[in-house]
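Source file: model12.txt; contents: compact mmCIF, C-alpha atoms.
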# COMPACT_ATOMS: atom_id res chain seq x y z
CA MET A 10 0.00 0.00 0.00
CA ASN A 11 1.38 3.41 -1.03
CA ILE A 12 0.34 6.21 1.30
CA VAL A 13 0.67 10.00 1.49
CA ILE A 14 -0.10 11.87 4.71
CA THR A 15 0.18 15.54 5.66
CA GLY A 16 0.70 17.03 9.10
CA CYS A 17 2.27 14.02 10.76
CA THR A 18 5.14 15.30 12.92
CA SER A 19 3.07 15.28 16.12
CA GLY A 20 -0.37 14.59 17.56
CA ILE A 21 -2.85 12.39 15.71
CA GLY A 22 -0.79 12.57 12.52
CA ALA A 23 2.21 11.00 14.22
CA GLU A 24 0.00 8.32 15.77
CA THR A 25 -1.51 7.63 12.36
CA VAL A 26 1.95 7.07 10.90
CA LYS A 27 2.76 4.68 13.74
CA GLY A 28 -0.47 2.78 13.13
CA LEU A 29 0.20 2.41 9.40
CA SER A 30 3.96 1.88 9.56
CA ASP A 31 3.75 -1.91 9.31
CA LYS A 32 0.99 -1.90 6.69
CA CYS A 33 2.56 0.17 3.93
CA ASP A 34 4.93 -0.43 1.05
CA ARG A 35 5.75 3.28 0.73
CA LEU A 36 4.72 6.05 3.07
CA PHE A 37 5.39 9.67 2.16
CA LEU A 38 5.33 12.12 5.06
CA LEU A 39 4.53 15.57 3.67
CA VAL A 40 5.67 17.99 6.36
CA ARG A 41 7.04 21.46 6.99
CA ASN A 42 9.36 20.42 9.81
CA GLN A 43 11.53 17.73 8.29
CA LYS A 44 13.68 17.25 11.42
CA LYS A 45 10.63 16.40 13.51
CA ALA A 46 9.52 13.91 10.85
CA GLU A 47 12.92 12.23 10.88
CA SER A 48 12.72 12.02 14.66
CA LEU A 49 9.33 10.33 14.39
CA LEU A 50 10.72 7.77 11.95
CA ALA A 51 13.65 7.09 14.24
CA ASP A 52 11.19 6.05 16.96
CA LEU A 53 9.46 3.44 14.79
CA PRO A 54 10.27 -0.25 15.39
CA ALA A 55 13.82 -1.04 14.30
CA ASP A 56 12.77 -4.06 12.24
CA LEU A 57 10.74 -1.94 9.80
CA PRO A 58 12.53 -1.31 6.49
CA LYS A 59 13.56 2.34 6.61
CA ASP A 60 13.42 2.71 2.82
CA ARG A 61 9.63 2.41 2.90
CA PHE A 62 9.38 5.87 4.51
CA GLU A 63 10.22 9.18 2.88
CA VAL A 64 10.03 12.69 4.27
CA VAL A 65 8.96 15.31 1.73
CA PHE A 66 8.94 19.04 2.41
CA CYS A 67 5.47 20.53 1.99
CA ASP A 68 4.33 23.92 3.28
CA LEU A 69 0.56 24.30 2.93
CA GLU A 70 0.97 28.07 3.24
CA ASP A 71 2.78 27.99 -0.12
CA LEU A 72 0.87 26.42 -3.00
CA LYS A 73 4.02 26.07 -5.10
CA SER A 74 5.49 23.98 -2.30
CA VAL A 75 2.37 21.78 -2.31
CA ALA A 76 2.58 21.32 -6.06
CA ALA A 77 6.28 20.46 -5.84
CA ALA A 78 5.63 17.86 -3.13
CA ALA A 79 2.92 16.23 -5.25
CA ASP A 80 5.18 16.21 -8.29
CA TYR A 81 7.90 14.51 -6.24
CA VAL A 82 5.53 11.75 -5.17
CA ARG A 83 4.43 11.30 -8.78
CA GLU A 84 8.06 10.76 -9.76
CA LYS A 85 8.55 8.10 -7.08
CA VAL A 86 5.49 5.86 -7.48
CA THR A 87 3.13 4.98 -10.31
CA SER A 88 0.09 4.46 -8.12
CA LEU A 89 -1.28 5.54 -4.75
CA ASP A 90 -3.67 3.71 -2.45
CA LEU A 91 -4.33 6.22 0.30
CA LEU A 92 -4.14 9.99 0.81
CA ILE A 93 -4.69 11.33 4.32
CA ASN A 94 -5.20 15.09 4.44
CA ASN A 95 -4.50 15.41 8.15
CA ALA A 96 -2.72 18.77 8.54
CA GLY A 97 -4.66 21.69 9.88
CA GLY A 98 -4.51 24.54 12.29
CA ILE A 99 -6.22 27.42 14.01
CA PHE A 100 -4.40 30.74 14.05
CA PRO A 101 -4.74 33.61 16.54
CA LYS A 102 -4.33 36.39 13.97
CA GLY A 103 -5.62 36.84 10.47
CA THR A 104 -2.83 36.71 7.90
CA ILE A 105 -2.63 36.35 4.14
CA THR A 106 -0.40 33.76 2.50
CA ARG A 107 1.95 34.56 -0.37
CA ASP A 108 -0.74 33.09 -2.62
CA GLY A 109 -3.24 35.71 -1.49
CA PHE A 110 -5.55 33.64 0.73
CA GLU A 111 -6.43 33.81 4.40
CA THR A 112 -4.08 31.36 6.11
CA THR A 113 -6.69 29.21 7.89
CA PHE A 114 -8.53 28.65 4.61
CA GLN A 115 -5.39 27.74 2.68
CA VAL A 116 -3.81 25.48 5.30
CA ASN A 117 -6.98 23.57 6.13
CA HIS A 118 -8.61 23.42 2.69
CA LEU A 119 -7.05 24.93 -0.40
CA GLY A 120 -3.59 23.38 -0.01
CA HIS A 121 -5.16 19.95 0.38
CA PHE A 122 -7.47 20.59 -2.56
CA LEU A 123 -4.44 21.22 -4.77
CA LEU A 124 -2.54 18.24 -3.37
CA THR A 125 -5.52 15.97 -3.99
CA GLN A 126 -6.03 17.25 -7.53
CA LYS A 127 -2.42 16.51 -8.42
CA LEU A 128 -2.41 13.05 -6.82
CA LEU A 129 -5.80 11.92 -8.17
CA PRO A 130 -4.30 10.34 -11.32
CA LEU A 131 -2.15 8.09 -9.10
CA LEU A 132 -5.07 7.24 -6.84
CA LEU A 133 -7.35 6.33 -9.72
CA LYS A 134 -4.80 3.78 -10.95
CA THR A 135 -5.61 1.51 -8.02
CA PRO A 136 -8.86 -0.49 -7.69
CA THR A 137 -10.04 0.86 -4.31
CA PRO A 138 -8.16 4.06 -3.44
CA ARG A 139 -9.17 6.18 -0.47
CA ILE A 140 -8.94 9.82 0.55
CA ILE A 141 -9.41 10.76 4.20
CA ASN A 142 -9.97 14.39 5.20
CA VAL A 143 -9.61 15.19 8.90
CA SER A 144 -12.40 17.60 9.78
CA SER A 145 -13.96 18.54 13.13
CA GLU A 146 -17.25 18.95 14.97
CA ALA A 147 -16.33 22.64 14.84
CA HIS A 148 -17.88 22.58 11.34
CA ARG A 149 -21.30 22.86 13.01
CA ALA A 150 -20.52 26.49 13.90
CA ALA A 151 -19.62 27.44 10.31
CA ASN A 152 -20.97 30.47 8.50
CA PRO A 153 -19.13 30.18 5.15
CA LYS A 154 -18.30 33.27 3.11
CA LEU A 155 -16.22 32.15 0.14
CA ASN A 156 -16.07 35.69 -1.19
CA GLU A 157 -14.00 36.71 1.86
CA VAL A 158 -11.23 34.09 1.81
CA THR A 159 -8.80 36.44 0.11
CA ASN A 160 -8.73 38.99 2.93
CA ALA A 161 -8.34 38.95 6.70
CA ALA A 162 -9.94 42.28 7.54
CA ASN A 163 -12.77 40.73 9.56
CA TYR A 164 -10.83 37.69 10.74
CA SER A 165 -11.88 35.78 13.82
CA SER A 166 -10.00 32.58 14.58
CA PHE A 167 -12.69 30.09 15.55
CA PRO A 168 -15.22 31.07 12.84
CA ALA A 169 -12.48 30.81 10.23
CA TYR A 170 -11.53 27.37 11.54
CA ALA A 171 -15.16 26.22 11.64
CA ASN A 172 -15.63 27.26 8.02
CA ALA A 173 -12.48 25.42 6.95
CA LYS A 174 -13.59 22.24 8.70
CA LEU A 175 -16.94 22.49 6.91
CA TYR A 176 -15.04 22.72 3.61
CA ASN A 177 -13.27 19.43 4.45
CA ILE A 178 -16.62 17.66 4.60
CA LEU A 179 -17.95 19.35 1.46
CA PHE A 180 -14.76 18.44 -0.40
CA SER A 181 -15.10 14.79 0.60
CA LYS A 182 -18.67 14.67 -0.65
CA SER A 183 -17.70 16.27 -3.96
CA LEU A 184 -14.89 13.76 -4.46
CA GLN A 185 -17.31 10.91 -3.87
CA GLU A 186 -19.80 12.34 -6.35
CA LYS A 187 -17.19 12.92 -9.04
CA TYR A 188 -14.98 9.85 -8.65
CA GLY A 189 -16.86 7.29 -6.58
CA SER A 190 -17.93 5.48 -9.75
CA GLN A 191 -14.22 4.95 -10.49
CA GLY A 192 -13.69 3.16 -7.18
CA LEU A 193 -12.58 6.11 -5.05
CA GLY A 194 -13.64 6.06 -1.42
CA THR A 195 -13.65 9.44 0.34
CA PHE A 196 -14.35 10.15 3.97
CA SER A 197 -14.18 13.00 6.47
CA LEU A 198 -13.99 12.65 10.22
CA HIS A 199 -13.97 14.22 13.64
CA PRO A 200 -10.98 12.82 15.58
CA GLY A 201 -12.32 13.85 18.98
CA VAL A 202 -11.13 16.65 21.22
CA VAL A 203 -7.49 15.68 21.37
CA LYS A 204 -4.84 16.83 23.84
CA THR A 205 -2.12 18.07 21.49
CA ASN A 206 -0.32 21.35 20.85
CA PHE A 207 -3.40 22.55 18.93
CA GLY A 208 -3.97 26.26 19.57
CA GLY A 209 -0.57 26.57 21.20
CA ASP A 210 0.04 29.99 19.68
CA PHE A 211 -2.91 31.57 21.48
CA THR A 212 -2.80 33.78 24.53
CA GLY A 213 -5.41 35.16 26.91
CA VAL A 214 -8.91 33.71 27.29
CA PHE A 215 -8.63 31.19 24.44
CA LYS A 216 -5.44 29.72 25.89
CA LEU A 217 -7.08 29.53 29.31
CA LEU A 218 -10.10 27.70 27.88
CA ILE A 219 -7.82 25.16 26.20
CA LYS A 220 -5.94 24.60 29.47
CA LEU A 221 -9.16 24.13 31.43
CA SER A 222 -10.43 21.66 28.84
CA GLN A 223 -7.32 19.47 28.85
CA PRO A 224 -8.47 17.08 31.62
CA PHE A 225 -11.44 16.15 29.41
CA MET A 226 -9.45 15.65 26.21
CA ILE A 227 -8.45 12.30 24.72
CA THR A 228 -4.93 11.22 23.83
CA ALA A 229 -3.48 11.64 20.35
CA LYS A 230 -3.42 7.85 20.01
CA ALA A 231 -7.15 7.68 20.71
CA GLY A 232 -7.72 10.58 18.33
CA ALA A 233 -6.06 8.69 15.49
CA GLN A 234 -8.34 5.67 15.74
CA THR A 235 -11.07 6.86 13.37
CA THR A 236 -8.48 7.75 10.74
CA LEU A 237 -6.89 4.31 11.11
CA PHE A 238 -10.31 2.64 10.94
CA LEU A 239 -11.08 4.43 7.67
CA ALA A 240 -7.62 3.67 6.30
CA THR A 241 -7.60 -0.06 6.98
CA SER A 242 -11.14 -1.40 7.45
CA ALA A 243 -13.75 -2.62 5.01
CA ILE A 244 -16.21 0.26 4.61
CA LYS A 245 -19.79 -0.21 3.44
CA LYS A 246 -20.38 1.19 -0.04
CA GLU A 247 -23.25 3.33 1.18
CA TRP A 248 -20.88 5.06 3.60
CA ASN A 249 -18.75 6.50 0.81
CA GLY A 250 -18.57 10.28 1.22
CA ALA A 251 -19.77 10.11 4.82
CA TYR A 252 -18.62 12.01 7.89
CA PHE A 253 -17.37 9.81 10.74
CA LYS A 254 -17.06 10.14 14.49
CA LYS A 255 -15.77 7.38 16.78
CA SER A 256 -15.39 5.16 13.71
CA LYS A 257 -19.07 5.41 12.82
CA PRO A 258 -20.87 7.55 10.23
CA VAL A 259 -22.81 10.42 11.78
CA THR A 260 -25.00 13.15 10.32
CA PRO A 261 -23.08 16.41 9.82
CA SER A 262 -24.60 19.88 9.82
CA LYS A 263 -27.24 20.94 7.32
CA LEU A 264 -24.69 23.11 5.52
CA ALA A 265 -22.41 20.10 5.10
CA ASN A 266 -25.11 18.49 2.97
CA SER A 267 -25.62 21.52 0.73
CA LYS A 268 -25.08 20.52 -2.89
CA LYS A 269 -24.99 24.16 -3.98
CA LEU A 270 -22.31 25.04 -1.44
CA ARG A 271 -20.07 22.10 -2.28
CA GLU A 272 -20.35 22.78 -6.00
CA ASP A 273 -19.49 26.45 -5.40
CA LEU A 274 -16.53 25.47 -3.22
CA TRP A 275 -15.23 23.03 -5.83
CA GLU A 276 -15.56 25.48 -8.71
CA LYS A 277 -13.86 28.32 -6.87
CA SER A 278 -11.10 26.11 -5.47
CA ALA A 279 -10.39 24.63 -8.90
CA ASN A 280 -10.10 28.11 -10.38
CA TRP A 281 -7.80 29.29 -7.59
CA VAL A 282 -5.31 26.47 -8.12
CA ALA A 283 -5.72 26.11 -11.88
CA ASP A 284 -2.23 27.38 -12.68
CA LEU A 285 -0.61 24.78 -10.40
CA SER A 286 -2.79 21.67 -10.78
Starting from the coordinates I provided, produce the structure as structure tokens.
Amino acid sequence: MNIVITGCTSGIGAETVKGLSDKCDRLFLLVRNQKKAESLLADLPADLPKDRFEVVFCDLEDLKSVAAAADYVREKVTSLDLLINNAGGIFPKGTITRDGFETTFQVNHLGHFLLTQKLLPLLLKTPTPRIINVSSEAHRAANPKLNEVTNAANYSSFPAYANAKLYNILFSKSLQEKYGSQGLGTFSLHPGVVKTNFGGDFTGVFKLLIKLSQPFMITAKAGAQTTLFLATSAIKKEWNGAYFKKSKPVTPSKLANSKKLREDLWEKSANWVADLS
């Protein structure tokens, strides 16, 4: 099994790598911090062949970096079985990437949209490929405004994150609609409220709320279980495109089922990355 995963130097991403390390033929770790990725690999069981793992630089805040990472994978393998779009983040201040998009939107959605577009030809060469998009129950608080993703004038961290997590679900549903007939399985999920370094850049009230919530959070290993279930288990055909929580399909928000919104998101995203895909 050939696998690509983003955001895997810590937290649930690192636990996902550990859970898949003995099940893969090739595993590409697309990361920004290559030293942390190498450290993760060094902690894997010594009897695993080290040449099955490869660290690839990928900065989701730079679409050219994303495109280059995808091109590198395409040079190394002729087919791909599994893509896990795990990376994400919530940011205390509104900033614009060098590509001209609000950072939360690009890191959580648009970078993965481009990566997926470029890797789809490899995925569709295998009989039952899968794409897993790590979303969040935060999507239920979304109020999407796609016409505002190129500015940060009215930025607020949690609403921006909620919108991006909604886009993960919409993207999964669109992929299922467009490519499910070709064997592609696509899923989104809520990993649980995981005790990681998520939100570590915040100060003030938000940081205090995270600290107070920590006793009720689950471990990163527990948070990776739904991803690992979707990556390795037999999934019912009728669950293709579904949103999962605790390894079971659950009903997402009403907006997450909006055909108009997901078609609008796909069209706009495709146009925004057209020069690189």
Quiz prompt | Proximity to Ala173 in chain A - best of A:Leu198, A:Val116, A:Ala55, A:Ala233, all atoms listed in the file | solution =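 Among A:Leu198, A:Val116, A:Ala55, A:Ala233, it is A:Val116 that comes nearest to Ala173 in chain A.
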Quiz prompt | Answer as a PyMOL selection string, residues within 10 Å of (10.8, 13.4, 12.2) using only C-alpha atoms | solution = chain A and resi 17-19+23+38+40+42-52+64
Self-check item: Proximity to Thr104 in chain A - best of A:Val158, A:Cys67, A:Leu119, A:Ile141, only C-alpha atoms
Solution: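 Nearest candidate to Thr104 in chain A out of A:Val158, A:Cys67, A:Leu119, A:Ile141: A:Val158.
Counting from CA of Ala147 in chain A, the distance to CA of Tyr176 in chain A is 11.3 Å.
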Quiz item: In Å to one decimal, how far is CA of Phe253 in chain A from CA of Leu270 in chain A?
Solution: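 The value is 20.1 Å.
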Quiz prompt | Pick from A:Val202, A:Ile244, A:Leu155, A:Ile105, whichever lies nearest to Glu276 in chain A using only C-alpha atoms | solution =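 Result for the nearest residue to Glu276 in chain A: A:Leu155.
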Exercise. Please indicate the distance in Å from CA of Gln234 in chain A to CA of Lys254 in chain A, rounded to one decimal place.
Key: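 These two atoms are separated by 9.9 Å.
Using only C-alpha atoms, the contacts of Phe37 in chain A at a cut-off of 7 Å, with sequence neighbours closer than 2 positions omitted, comprise Ile12, Val13, Ile14, Arg35, Leu39, Phe62, Glu63, Val64 and Val65 of chain A.
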Self-check item: Shell of 10 Å around Pro136 in chain A, all atoms listed in the file, local chain residues under 4 positions omitted, as a list of chain:residue names
Solution: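 That gives A:Asp90, A:Leu132, A:Gln191, A:Gly192, A:Leu193.
Proximity ranking of A:Lys277, A:Arg107, A:Lys85, A:Lys174 relative to Glu70 in chain A places A:Arg107 first, based on all atoms listed in the file.
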Practice problem: Rank nothing, just name the residue among A:Tyr252, A:Phe196, A:Phe66, A:Tyr164 nearest to Ile99 in chain A, using all atoms listed in the file. | Solution: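 Of all the options, A:Tyr164 lies closest to Ile99 in chain A.
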Starting from the incomplete input, reconstruct N, CA and C atoms of range 126-154 of chain A and report them as a PDB file, in the coordinates of the input.
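So selection06.pdb came out as:
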ATOM      1  N   GLN A 126      -5.870  17.144  -6.079  1.00  0.00           N
ATOM      2  CA  GLN A 126      -6.030  17.250  -7.530  1.00  0.00           C
ATOM      3  C   GLN A 126      -4.819  16.661  -8.255  1.00  0.00           C
ATOM      4  N   LYS A 127      -3.637  16.962  -7.749  1.00  0.00           N
ATOM      5  CA  LYS A 127      -2.420  16.510  -8.420  1.00  0.00           C
ATOM      6  C   LYS A 127      -2.146  15.025  -8.200  1.00  0.00           C
ATOM      7  N   LEU A 128      -2.659  14.469  -7.103  1.00  0.00           N
ATOM      8  CA  LEU A 128      -2.410  13.050  -6.820  1.00  0.00           C
ATOM      9  C   LEU A 128      -3.553  12.146  -7.297  1.00  0.00           C
ATOM     10  N   LEU A 129      -4.661  12.723  -7.711  1.00  0.00           N
ATOM     11  CA  LEU A 129      -5.800  11.920  -8.170  1.00  0.00           C
ATOM     12  C   LEU A 129      -5.447  10.922  -9.276  1.00  0.00           C
ATOM     13  N   PRO A 130      -4.645  11.323 -10.274  1.00  0.00           N
ATOM     14  CA  PRO A 130      -4.300  10.340 -11.320  1.00  0.00           C
ATOM     15  C   PRO A 130      -3.625   9.087 -10.761  1.00  0.00           C
ATOM     16  N   LEU A 131      -2.791   9.247  -9.728  1.00  0.00           N
ATOM     17  CA  LEU A 131      -2.150   8.090  -9.100  1.00  0.00           C
ATOM     18  C   LEU A 131      -3.170   7.263  -8.322  1.00  0.00           C
ATOM     19  N   LEU A 132      -4.060   7.931  -7.624  1.00  0.00           N
ATOM     20  CA  LEU A 132      -5.070   7.240  -6.840  1.00  0.00           C
ATOM     21  C   LEU A 132      -6.004   6.424  -7.728  1.00  0.00           C
ATOM     22  N   LEU A 133      -6.385   6.991  -8.849  1.00  0.00           N
ATOM     23  CA  LEU A 133      -7.350   6.330  -9.720  1.00  0.00           C
ATOM     24  C   LEU A 133      -6.739   5.166 -10.505  1.00  0.00           C
ATOM     25  N   LYS A 134      -5.440   4.945 -10.325  1.00  0.00           N
ATOM     26  CA  LYS A 134      -4.800   3.780 -10.950  1.00  0.00           C
ATOM     27  C   LYS A 134      -4.925   2.524 -10.097  1.00  0.00           C
ATOM     28  N   THR A 135      -5.420   2.676  -8.881  1.00  0.00           N
ATOM     29  CA  THR A 135      -5.610   1.510  -8.020  1.00  0.00           C
ATOM     30  C   THR A 135      -7.102   1.182  -7.927  1.00  0.00           C
ATOM     31  N   PRO A 136      -7.450  -0.074  -7.658  1.00  0.00           N
ATOM     32  CA  PRO A 136      -8.860  -0.490  -7.690  1.00  0.00           C
ATOM     33  C   PRO A 136      -9.742   0.169  -6.626  1.00  0.00           C
ATOM     34  N   THR A 137      -9.220   0.316  -5.407  1.00  0.00           N
ATOM     35  CA  THR A 137     -10.040   0.860  -4.310  1.00  0.00           C
ATOM     36  C   THR A 137      -9.264   1.919  -3.527  1.00  0.00           C
ATOM     37  N   PRO A 138      -8.895   3.020  -4.152  1.00  0.00           N
ATOM     38  CA  PRO A 138      -8.160   4.060  -3.440  1.00  0.00           C
ATOM     39  C   PRO A 138      -9.050   4.794  -2.450  1.00  0.00           C
ATOM     40  N   ARG A 139      -8.420   5.425  -1.476  1.00  0.00           N
ATOM     41  CA  ARG A 139      -9.170   6.180  -0.470  1.00  0.00           C
ATOM     42  C   ARG A 139      -8.519   7.537  -0.205  1.00  0.00           C
ATOM     43  N   ILE A 140      -9.384   8.507   0.086  1.00  0.00           N
ATOM     44  CA  ILE A 140      -8.940   9.820   0.550  1.00  0.00           C
ATOM     45  C   ILE A 140      -9.643  10.099   1.868  1.00  0.00           C
ATOM     46  N   ILE A 141      -8.872  10.468   2.879  1.00  0.00           N
ATOM     47  CA  ILE A 141      -9.410  10.760   4.200  1.00  0.00           C
ATOM     48  C   ILE A 141      -9.099  12.210   4.541  1.00  0.00           C
ATOM     49  N   ASN A 142     -10.138  12.988   4.842  1.00  0.00           N
ATOM     50  CA  ASN A 142      -9.970  14.390   5.200  1.00  0.00           C
ATOM     51  C   ASN A 142     -10.338  14.564   6.678  1.00  0.00           C
ATOM     52  N   VAL A 143      -9.376  15.015   7.471  1.00  0.00           N
ATOM     53  CA  VAL A 143      -9.610  15.190   8.900  1.00  0.00           C
ATOM     54  C   VAL A 143     -10.327  16.527   9.121  1.00  0.00           C
ATOM     55  N   SER A 144     -11.562  16.436   9.551  1.00  0.00           N
ATOM     56  CA  SER A 144     -12.400  17.600   9.780  1.00  0.00           C
ATOM     57  C   SER A 144     -12.567  17.807  11.287  1.00  0.00           C
ATOM     58  N   SER A 145     -13.718  18.287  11.710  1.00  0.00           N
ATOM     59  CA  SER A 145     -13.960  18.540  13.130  1.00  0.00           C
ATOM     60  C   SER A 145     -15.429  18.832  13.361  1.00  0.00           C
ATOM     61  N   GLU A 146     -15.891  18.549  14.585  1.00  0.00           N
ATOM     62  CA  GLU A 146     -17.250  18.950  14.970  1.00  0.00           C
ATOM     63  C   GLU A 146     -17.387  20.469  14.976  1.00  0.00           C
ATOM     64  N   ALA A 147     -16.279  21.176  14.933  1.00  0.00           N
ATOM     65  CA  ALA A 147     -16.330  22.640  14.840  1.00  0.00           C
ATOM     66  C   ALA A 147     -17.086  23.085  13.594  1.00  0.00           C
ATOM     67  N   HIS A 148     -17.191  22.204  12.588  1.00  0.00           N
ATOM     68  CA  HIS A 148     -17.880  22.580  11.340  1.00  0.00           C
ATOM     69  C   HIS A 148     -19.329  22.992  11.598  1.00  0.00           C
ATOM     70  N   ARG A 149     -19.893  22.545  12.724  1.00  0.00           N
ATOM     71  CA  ARG A 149     -21.300  22.860  13.010  1.00  0.00           C
ATOM     72  C   ARG A 149     -21.506  24.335  13.329  1.00  0.00           C
ATOM     73  N   ALA A 150     -20.431  25.052  13.613  1.00  0.00           N
ATOM     74  CA  ALA A 150     -20.520  26.490  13.900  1.00  0.00           C
ATOM     75  C   ALA A 150     -20.199  27.345  12.675  1.00  0.00           C
ATOM     76  N   ALA A 151     -20.067  26.715  11.513  1.00  0.00           N
ATOM     77  CA  ALA A 151     -19.620  27.440  10.310  1.00  0.00           C
ATOM     78  C   ALA A 151     -20.672  28.419   9.789  1.00  0.00           C
ATOM     79  N   ASN A 152     -20.148  29.487   9.220  1.00  0.00           N
ATOM     80  CA  ASN A 152     -20.970  30.470   8.500  1.00  0.00           C
ATOM     81  C   ASN A 152     -20.144  30.879   7.277  1.00  0.00           C
ATOM     82  N   PRO A 153     -20.092  30.013   6.258  1.00  0.00           N
ATOM     83  CA  PRO A 153     -19.130  30.180   5.150  1.00  0.00           C
ATOM     84  C   PRO A 153     -19.378  31.421   4.305  1.00  0.00           C
ATOM     85  N   LYS A 154     -18.269  32.093   3.975  1.00  0.00           N
ATOM     86  CA  LYS A 154     -18.300  33.270   3.110  1.00  0.00           C
ATOM     87  C   LYS A 154     -17.111  33.158   2.153  1.00  0.00           C
TER      88      LYS A 154
END
